[in-house]
Amino acid sequence: MNKEYKIPQATTKRLPLYYRFLQNFAQEGKKRISSQELSDAMKIDPATIRRDFSYFGALGKKGYGYDVQHLLSFFSQTLDQDEATNVALIGVGNLGNAFLKYNFQKNHNTRIVVAFDSKAPYEGTDISGIPVFHPDRLEEMYEEYGAELAILTVSSRSAQTMTDRLAKMNAKGILNFTPIRLTVPDSMKLMNIDLSVELQALIYLVRNSES
Ligand SMILES: NC(=O)c1ccc[n+]([C@@H]2O[C@H](COP(=O)([O-])OP(=O)(O)OC[C@H]3O[C@@H](n4cnc5c(N)ncnc54)[C@H](O)[C@@H]3O)[C@@H](O)[C@H]2O)c1
């Protein structure tokens, strides 16, 4: 990857999607692919795809398109897909339960390995095959299960406290589903996911394409 460029977050978010579609194309036996074909499959305009790919240097050739295997190994390295990522889930309520059930089945290298909920017993319980412990054991079990990242689905009032504890443990990143704007140290990556913001963006797109 060309490290001189800071990759925009919108591009970063599309990388796993590109990877998934490229895997499908490879499974169908496709050797090369144009940005137009990717665009048709992914419903992202070809200019965006070309711009996204340009952040990683010249990956395609004019008139030839992109070499599927080359792109796949490139994305796999970039996304560290060869390395498993263990994730901890904090807060097993409505949202957390759904994540434990889903557990990223489409991405075999990323999985929730341990979860925490204040209603869980100290010695732990099993929900959808994942051990769930009381948050008193966060530091101990996060380490024991080799978690690198945390998904935060706790009630709002606990969000910052749990974030501070994760920061102290040098957790690498948080995927935050709570509505709280969290304060994190520079060393920690934070991504906020808010369905109402996404929905508002969709409403805006729909309204602005009506004429
Ligand atoms: N981002 C989104 O689009 C979106 C959508 C729905 C809900 N949310 C937010 O996600 C969070 C979870 O929503 P929900 O509907 O699952 O709520 P919920 O009340 O069903 O679940 C929250 C869980 O967190 C647990 N909890 C509280 N403090 C804790 C702590 N310190 N450590 C571990 N567990 C703790 C509670 O026991 C509970 O089981 C809320 O903050 C909510 O506002 C976000």
# chains A, B, ... in the order shown; residues from 1 in each chain; ligands from 1
call {"tool": "residues_around", "arguments": {"residues": "Asp45 in chain A", "least_positions_apart": "4", "cutoff": "8 Å", "atoms": "only C-alpha atoms", "output": "count of residues only"}}
result
3
call {"tool": "residues_around", "arguments": {"residues": "Arg157 in chain A", "least_positions_apart": "5", "cutoff": "10 Å", "atoms": "only C-alpha atoms", "output": "list in words"}}
result
Met162, Thr178 and Ile180 of chain A
call {"tool": "closest_atom_pairs", "arguments": {"of": "chain A", "to": "ligand 1", "cutoff": "8 Å", "atoms": "only C-alpha atoms and all ligand atoms", "output": "tab-separated table"}}
result
residue	atom	partner	partner_atom_place_in_ligand_line	distance
A:Ile90	CA	ligand 1	33 (C)	5.2
A:Gly91	CA	ligand 1	24 (O)	3.6
A:Val92	CA	ligand 1	39 (O)	4.6
A:Gly93	CA	ligand 1	21 (O)	3.2
A:Asn94	CA	ligand 1	16 (O)	3.6
A:Leu95	CA	ligand 1	16 (O)	3.7
A:Gly96	CA	ligand 1	16 (O)	5.5
A:Asn97	CA	ligand 1	16 (O)	7.4
A:Phe116	CA	ligand 1	33 (C)	5.1
A:Asp117	CA	ligand 1	34 (N)	3.4
A:Ser118	CA	ligand 1	34 (N)	4.4
A:Lys119	CA	ligand 1	37 (O)	5.0
A:Ala120	CA	ligand 1	37 (O)	7.9
A:His134	CA	ligand 1	33 (C)	6.9
A:Pro135	CA	ligand 1	32 (N)	5.0
A:Leu152	CA	ligand 1	11 (C)	7.4
A:Thr153	CA	ligand 1	11 (C)	4.2
A:Val154	CA	ligand 1	24 (O)	3.6
A:Ser155	CA	ligand 1	41 (O)	4.0
A:Ser156	CA	ligand 1	41 (O)	4.3
A:Arg157	CA	ligand 1	28 (N)	7.2
A:Ser158	CA	ligand 1	31 (N)	4.8
A:Ala159	CA	ligand 1	31 (N)	7.1
A:Thr161	CA	ligand 1	31 (N)	7.2
A:Met162	CA	ligand 1	31 (N)	5.9
A:Asn176	CA	ligand 1	1 (N)	7.3
A:Phe177	CA	ligand 1	1 (N)	3.9
A:Thr178	CA	ligand 1	41 (O)	3.7
A:Pro179	CA	ligand 1	43 (O)	5.5
A:Ile180	CA	ligand 1	41 (O)	7.6
A:Asn192	CA	ligand 1	1 (N)	7.5
A:Ile193	CA	ligand 1	1 (N)	4.9
A:Asp194	CA	ligand 1	1 (N)	3.7
A:Leu195	CA	ligand 1	3 (O)	3.5
A:Ser196	CA	ligand 1	3 (O)	6.0
A:Val197	CA	ligand 1	3 (O)	8.0
call {"tool": "write_last_selection", "arguments": {"atoms": "N, CA and C atoms", "output": "CSV table (one decimal), in the first residue's frame"}}
result
chain,number,residue,atom,x,y,z
A,90,ILE,N,-19.0,-6.1,23.9
A,90,ILE,CA,-19.3,-5.6,25.2
A,90,ILE,C,-20.7,-5.1,25.2
A,91,GLY,N,-21.6,-5.8,26.0
A,91,GLY,CA,-23.0,-5.5,26.0
A,91,GLY,C,-23.8,-6.5,25.2
A,92,VAL,N,-24.4,-7.4,25.9
A,92,VAL,CA,-25.2,-8.4,25.2
A,92,VAL,C,-26.7,-8.2,25.4
A,93,GLY,N,-27.2,-7.2,24.9
A,93,GLY,CA,-28.7,-6.9,25.0
A,93,GLY,C,-29.3,-7.2,23.6
A,94,ASN,N,-30.2,-6.4,23.2
A,94,ASN,CA,-30.9,-6.6,21.9
A,94,ASN,C,-29.9,-6.7,20.7
A,95,LEU,N,-29.1,-5.7,20.6
A,95,LEU,CA,-28.1,-5.6,19.5
A,95,LEU,C,-27.0,-6.6,19.7
A,96,GLY,N,-26.4,-6.7,20.9
A,96,GLY,CA,-25.3,-7.6,21.1
A,96,GLY,C,-25.7,-9.0,20.8
A,97,ASN,N,-26.9,-9.4,21.3
A,97,ASN,CA,-27.4,-10.8,21.0
A,97,ASN,C,-27.4,-11.1,19.5
A,116,PHE,N,-19.1,-9.7,27.0
A,116,PHE,CA,-19.3,-9.3,28.4
A,116,PHE,C,-20.6,-8.6,28.6
A,117,ASP,N,-21.3,-9.0,29.7
A,117,ASP,CA,-22.5,-8.2,30.0
A,117,ASP,C,-22.7,-8.2,31.5
A,118,SER,N,-23.2,-7.0,32.0
A,118,SER,CA,-23.3,-6.9,33.4
A,118,SER,C,-24.3,-7.9,34.0
A,119,LYS,N,-25.2,-8.5,33.2
A,119,LYS,CA,-26.2,-9.4,33.7
A,119,LYS,C,-25.6,-10.9,33.7
A,120,ALA,N,-24.4,-11.0,33.1
A,120,ALA,CA,-23.9,-12.4,33.0
A,120,ALA,C,-23.2,-12.8,34.4
A,134,HIS,N,-19.1,-11.6,33.2
A,134,HIS,CA,-19.4,-10.3,33.9
A,134,HIS,C,-18.3,-9.3,33.5
A,135,PRO,N,-18.6,-8.0,33.3
A,135,PRO,CA,-17.5,-7.1,33.0
A,135,PRO,C,-16.4,-6.9,34.0
A,152,LEU,N,-18.8,-2.2,20.8
A,152,LEU,CA,-19.4,-1.7,22.0
A,152,LEU,C,-20.9,-1.5,21.8
A,153,THR,N,-21.7,-2.4,22.5
A,153,THR,CA,-23.2,-2.3,22.4
A,153,THR,C,-23.8,-2.3,23.8
A,154,VAL,N,-23.1,-1.5,24.7
A,154,VAL,CA,-23.6,-1.4,26.1
A,154,VAL,C,-24.6,-0.2,26.1
A,155,SER,N,-25.3,-0.1,27.2
A,155,SER,CA,-26.2,1.1,27.4
A,155,SER,C,-25.3,2.3,27.4
A,156,SER,N,-25.9,3.4,27.0
A,156,SER,CA,-25.1,4.7,26.8
A,156,SER,C,-24.3,5.0,28.1
A,157,ARG,N,-24.9,4.8,29.3
A,157,ARG,CA,-24.3,5.3,30.5
A,157,ARG,C,-23.0,4.6,30.8
A,158,SER,N,-22.8,3.4,30.2
A,158,SER,CA,-21.6,2.6,30.5
A,158,SER,C,-20.5,2.8,29.4
A,159,ALA,N,-20.9,3.5,28.4
A,159,ALA,CA,-20.0,3.5,27.2
A,159,ALA,C,-18.6,4.1,27.4
A,161,THR,N,-17.0,4.6,30.3
A,161,THR,CA,-16.3,3.8,31.4
A,161,THR,C,-15.6,2.6,30.7
A,162,MET,N,-16.4,1.9,29.9
A,162,MET,CA,-15.9,0.7,29.3
A,162,MET,C,-14.8,1.0,28.3
A,176,ASN,N,-18.1,1.4,17.7
A,176,ASN,CA,-19.0,1.9,18.7
A,176,ASN,C,-20.5,2.0,18.1
A,177,PHE,N,-21.4,1.3,18.7
A,177,PHE,CA,-22.8,1.4,18.3
A,177,PHE,C,-23.6,2.3,19.3
A,178,THR,N,-23.0,2.7,20.3
A,178,THR,CA,-23.7,3.6,21.3
A,178,THR,C,-23.8,5.0,20.7
A,179,PRO,N,-24.8,5.8,21.1
A,179,PRO,CA,-24.9,7.1,20.6
A,179,PRO,C,-23.9,8.1,21.2
A,180,ILE,N,-23.1,7.6,22.1
A,180,ILE,CA,-22.1,8.5,22.8
A,180,ILE,C,-20.9,8.8,22.0
A,192,ASN,N,-17.6,4.9,14.5
A,192,ASN,CA,-19.0,5.0,15.1
A,192,ASN,C,-20.0,4.5,14.0
A,193,ILE,N,-20.9,3.7,14.5
A,193,ILE,CA,-22.0,3.3,13.5
A,193,ILE,C,-23.3,3.7,14.1
A,194,ASP,N,-24.0,4.4,13.3
A,194,ASP,CA,-25.3,4.9,13.8
A,194,ASP,C,-26.3,4.7,12.6
A,195,LEU,N,-27.2,3.8,12.9
A,195,LEU,CA,-28.2,3.4,11.8
A,195,LEU,C,-29.1,4.6,11.4
A,196,SER,N,-29.4,5.5,12.4
A,196,SER,CA,-30.2,6.6,12.0
A,196,SER,C,-29.5,7.6,11.1
A,197,VAL,N,-28.2,7.7,11.3
A,197,VAL,CA,-27.4,8.6,10.4
A,197,VAL,C,-27.4,8.0,9.0
call {"tool": "select_by_dssp", "arguments": {"residues": "range 71-109 of chain A", "states": "alpha helix (DSSP H)", "output": "list of chain:residue names"}}
result
A:Leu71, A:Leu72, A:Ser73, A:Phe74, A:Phe75, A:Ser76, A:Gln77, A:Thr78, A:Asn94, A:Leu95, A:Gly96, A:Asn97, A:Ala98, A:Phe99, A:Leu100, A:Lys101, A:Tyr102
call {"tool": "closest_residue", "arguments": {"among": "A:Asp67, A:Gln77, A:Leu17, A:Phe56", "to": "Gly29 in chain A", "atoms": "only C-alpha atoms"}}
result
A:Asp67
call {"tool": "residues_around", "arguments": {"residues": "Met169 in chain A", "least_positions_apart": "2", "cutoff": "9 Å", "atoms": "only C-alpha atoms", "output": "ChimeraX atom specification"}}
result
/A:139,142-143,164-167,171
call {"tool": "write_last_selection", "arguments": {"atoms": "C-alpha atoms", "output": "short mmCIF file (atom, residue, chain, number, x, y, z; two decimals), in the first residue's frame"}}
result
data_model
loop_
_atom_site.label_atom_id
_atom_site.label_comp_id
_atom_site.auth_asym_id
_atom_site.auth_seq_id
_atom_site.Cartn_x
_atom_site.Cartn_y
_atom_site.Cartn_z
CA GLU A 139 -9.22 -7.21 31.56
CA TYR A 142 -10.00 -9.93 26.90
CA GLU A 143 -6.38 -10.96 27.20
CA ASP A 164 -11.56 3.95 29.32
CA ARG A 165 -10.96 0.43 30.55
CA LEU A 166 -10.33 -0.77 26.99
CA ALA A 167 -7.92 2.12 26.43
CA ALA A 171 -7.20 -2.35 22.91
#
call {"tool": "closest_residue", "arguments": {"among": "A:Arg137, A:Arg50, A:His70, A:Lys172", "to": "Leu22 in chain A", "atoms": "only C-alpha atoms"}}
result
A:His70
call {"tool": "residues_around", "arguments": {"residues": "Ala41 in chain A", "least_positions_apart": "5", "cutoff": "10 Å", "atoms": "only C-alpha atoms", "output": "PDB file with C-alpha atoms, in the first residue's frame"}}
result
ATOM      1  CA  PHE A  21     -17.122  -9.417  -4.418  1.00  0.00           C
ATOM      2  CA  PHE A  25     -15.730 -13.465  -9.080  1.00  0.00           C
ATOM      3  CA  SER A  35     -14.273  -1.393 -13.042  1.00  0.00           C
ATOM      4  CA  GLN A  36     -17.581  -1.363 -14.958  1.00  0.00           C
TER       5      GLN A  36
END
call {"tool": "select_by_dssp", "arguments": {"residues": "range 1-197 of chain A", "states": "strand (DSSP E)", "output": "JSON, numbers by chain"}}
result
{"A": [32, 33, 60, 61, 65, 66, 67, 85, 86, 87, 88, 89, 90, 110, 111, 112, 113, 114, 115, 116, 125, 126, 127, 130, 131, 132, 133, 149, 150, 151, 152, 173, 174, 175, 176, 189, 190, 191, 192]}
call {"tool": "write_last_selection", "arguments": {"atoms": "C-alpha atoms", "output": "mmCIF file, in the first residue's frame"}}
result
data_model
loop_
_atom_site.group_PDB
_atom_site.id
_atom_site.type_symbol
_atom_site.label_atom_id
_atom_site.label_comp_id
_atom_site.auth_asym_id
_atom_site.auth_seq_id
_atom_site.Cartn_x
_atom_site.Cartn_y
_atom_site.Cartn_z
ATOM 1 C CA ARG A 32 -9.973 -10.298 -14.990
ATOM 2 C CA ILE A 33 -12.535 -7.726 -14.245
ATOM 3 C CA GLY A 60 -5.283 -2.027 -13.211
ATOM 4 C CA LYS A 61 -4.176 -1.678 -16.830
ATOM 5 C CA GLY A 65 -9.054 -4.207 -16.387
ATOM 6 C CA TYR A 66 -7.933 -5.704 -13.121
ATOM 7 C CA ASP A 67 -6.357 -9.063 -12.553
ATOM 8 C CA THR A 85 -8.896 -11.116 14.200
ATOM 9 C CA ASN A 86 -10.471 -11.888 17.537
ATOM 10 C CA VAL A 87 -13.141 -9.490 18.644
ATOM 11 C CA ALA A 88 -14.751 -8.928 22.046
ATOM 12 C CA LEU A 89 -18.372 -7.841 22.299
ATOM 13 C CA ILE A 90 -19.300 -5.627 25.221
ATOM 14 C CA THR A 110 -13.033 -12.215 11.995
ATOM 15 C CA ARG A 111 -15.062 -13.469 14.867
ATOM 16 C CA ILE A 112 -16.371 -12.590 18.261
ATOM 17 C CA VAL A 113 -14.512 -14.864 20.664
ATOM 18 C CA VAL A 114 -15.696 -13.495 23.987
ATOM 19 C CA ALA A 115 -18.455 -11.224 25.266
ATOM 20 C CA PHE A 116 -19.288 -9.305 28.431
ATOM 21 C CA THR A 125 -22.342 -18.365 30.495
ATOM 22 C CA ASP A 126 -22.772 -19.427 26.898
ATOM 23 C CA ILE A 127 -24.797 -17.451 24.358
ATOM 24 C CA ILE A 130 -19.723 -17.651 22.761
ATOM 25 C CA PRO A 131 -18.600 -17.333 26.404
ATOM 26 C CA VAL A 132 -20.163 -14.293 28.089
ATOM 27 C CA PHE A 133 -18.611 -12.997 31.316
ATOM 28 C CA LEU A 149 -10.858 -5.085 19.026
ATOM 29 C CA ALA A 150 -14.121 -4.477 20.795
ATOM 30 C CA ILE A 151 -17.652 -3.954 19.590
ATOM 31 C CA LEU A 152 -19.442 -1.675 22.028
ATOM 32 C CA GLY A 173 -9.949 -0.284 18.264
ATOM 33 C CA ILE A 174 -13.625 0.084 19.052
ATOM 34 C CA LEU A 175 -16.631 -0.270 16.803
ATOM 35 C CA ASN A 176 -19.045 1.939 18.675
ATOM 36 C CA LYS A 189 -8.971 3.597 16.424
ATOM 37 C CA LEU A 190 -12.643 4.381 16.716
ATOM 38 C CA MET A 191 -15.465 3.855 14.268
ATOM 39 C CA ASN A 192 -18.988 4.971 15.053
#
call {"tool": "atom_distance", "arguments": {"atom1": "CA of Asn109 in chain A", "atom2": "CA of Glu83 in chain A"}}
result
6.7 Å
call {"tool": "residues_around", "arguments": {"residues": "Arg51 in chain A", "least_positions_apart": "2", "cutoff": "12 Å", "atoms": "only C-alpha atoms", "output": "list in words"}}
result
Ile7, Pro8, Ala10, Thr11, Arg14, Ser35, Ile44, Asp45, Pro46, Ala47, Thr48, Ile49, Phe53, Ser54, Tyr55, Phe56, Gly57, Ala58, Leu59 and Gly60 of chain A
call {"tool": "atom_distance", "arguments": {"atom1": "CA of Pro185 in chain A", "atom2": "CA of Lys168 in chain A"}}
result
9.5 Å
call {"tool": "atom_distance", "arguments": {"atom1": "CA of Asn103 in chain A", "atom2": "CA of Ala147 in chain A"}}
result
14.3 Å
call {"tool": "closest_residue", "arguments": {"among": "A:Met188, A:Val206, A:Leu15, A:Leu199", "to": "Thr78 in chain A", "atoms": "only C-alpha atoms"}}
result
A:Leu15
